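Novice: This structure is in structure tokens; I'll ask about it shortly.
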Amino acid sequence: MNERKLYKSPLSALLWSAAFPGFGQLYNGDYFIGLLLMLCTAVINFGSNLNMSVYVAFKGNFGMASELFHPEWGIFSCRLLLLPVASL
């Protein structure tokens, strides 16, 4: 059987992972790790209240955004964004 392997661009995987943690792994076919990273991202964003604090900051209320954000959860956000890119 002469099966052609589909070419997967490493740059594409890197960009997907940088934009949305876990999507680069899904692109490469690592479904378990991709879904796990997506779940971790959702839990951290919910725990740190990151999305609401960014929304409030965009509306110009920086003091309230600072109060909404929970840094004890948010510290994991940077690490989680770098983990998928490093594992490609």
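In the structure tokens, chains take the letters A, B, ... in the order shown, each chain's residues start at 1, and ligands count up from 1 in the order shown.
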Taking the backbone alone, and naming residues the way the document does, which bits of stretch 8-67 of chain A are helix (DSSP H, G or I) by DSSP, as JSON, numbers by chain?
Specialist: {"A": [10, 11, 12, 13, 14, 15, 16, 17, 18, 19, 23, 24, 25, 26, 27, 28, 31, 32, 33, 34, 35, 36, 37, 38, 39, 40, 41, 42, 43, 44, 45, 46, 47, 48, 50, 51, 52, 53, 54, 55, 56, 57, 58, 62, 63, 64, 65, 66, 67]}
Novice: Could you please take those selected residues and save C-alpha atoms as a CSV table (one decimal), in the first residue's frame?
Specialist:
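What follows is the written file part.csv:
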```csv
chain,number,residue,atom,x,y,z
A,10,PRO,CA,5.7,23.1,11.9
A,11,LEU,CA,5.2,26.9,11.6
A,12,SER,CA,1.4,26.4,11.3
A,13,ALA,CA,1.4,24.2,14.4
A,14,LEU,CA,3.5,26.8,16.2
A,15,LEU,CA,1.1,29.7,15.3
A,16,TRP,CA,-2.0,27.7,16.2
A,17,SER,CA,-0.5,26.8,19.6
A,18,ALA,CA,0.6,30.4,20.2
A,19,ALA,CA,-2.9,31.7,19.4
A,23,PHE,CA,-4.8,23.7,18.8
A,24,GLY,CA,-1.3,23.1,17.5
A,25,GLN,CA,-1.5,19.6,19.1
A,26,LEU,CA,-4.9,19.0,17.5
A,27,TYR,CA,-3.4,20.1,14.1
A,28,ASN,CA,-0.6,17.5,14.6
A,31,TYR,CA,-5.8,14.8,20.3
A,32,PHE,CA,-5.5,13.9,24.0
A,33,ILE,CA,-2.8,16.5,24.8
A,34,GLY,CA,-4.6,19.1,22.7
A,35,LEU,CA,-7.9,18.6,24.5
A,36,LEU,CA,-6.1,18.5,27.9
A,37,LEU,CA,-4.4,21.9,27.1
A,38,MET,CA,-7.7,23.4,26.0
A,39,LEU,CA,-9.3,22.2,29.2
A,40,CYS,CA,-6.5,23.6,31.4
A,41,THR,CA,-6.7,27.0,29.5
A,42,ALA,CA,-10.4,27.2,30.2
A,43,VAL,CA,-10.0,26.3,33.9
A,44,ILE,CA,-7.2,28.9,34.4
A,45,ASN,CA,-9.1,31.6,32.5
A,46,PHE,CA,-12.2,30.9,34.6
A,47,GLY,CA,-10.2,30.8,37.9
A,48,SER,CA,-8.2,33.9,37.2
A,50,LEU,CA,-8.9,36.8,33.0
A,51,ASN,CA,-11.5,37.3,30.3
A,52,MET,CA,-13.7,39.5,32.4
A,53,SER,CA,-10.8,41.6,33.6
A,54,VAL,CA,-9.5,42.1,30.0
A,55,TYR,CA,-13.1,43.1,28.9
A,56,VAL,CA,-13.4,45.6,31.7
A,57,ALA,CA,-9.9,47.0,30.9
A,58,PHE,CA,-10.8,47.5,27.3
A,62,PHE,CA,-8.4,49.7,34.8
A,63,GLY,CA,-9.0,49.8,38.6
A,64,MET,CA,-11.9,47.4,38.4
A,65,ALA,CA,-10.0,45.2,36.0
A,66,SER,CA,-7.2,44.9,38.5
A,67,GLU,CA,-9.6,44.0,41.3
```
Novice: Can you tell me how far atom CA of A:Lys8 sits from atom CA of A:Phe76, in Å to one decimal?
Specialist: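 These two atoms are separated by 28.9 Å.
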Novice: Please compute the atom CA of A:Ile75-atom CA of A:Asn49 distance, one decimal, in Å.
Specialist: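 Between atom CA of A:Ile75 and atom CA of A:Asn49 the gap is 12.0 Å.
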Novice: Enter the distance from atom CA of A:Pro21 to atom CA of A:Lys59, in Å, rounded to one decimal.
Specialist: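 Distance between the two atoms: 25.8 Å.
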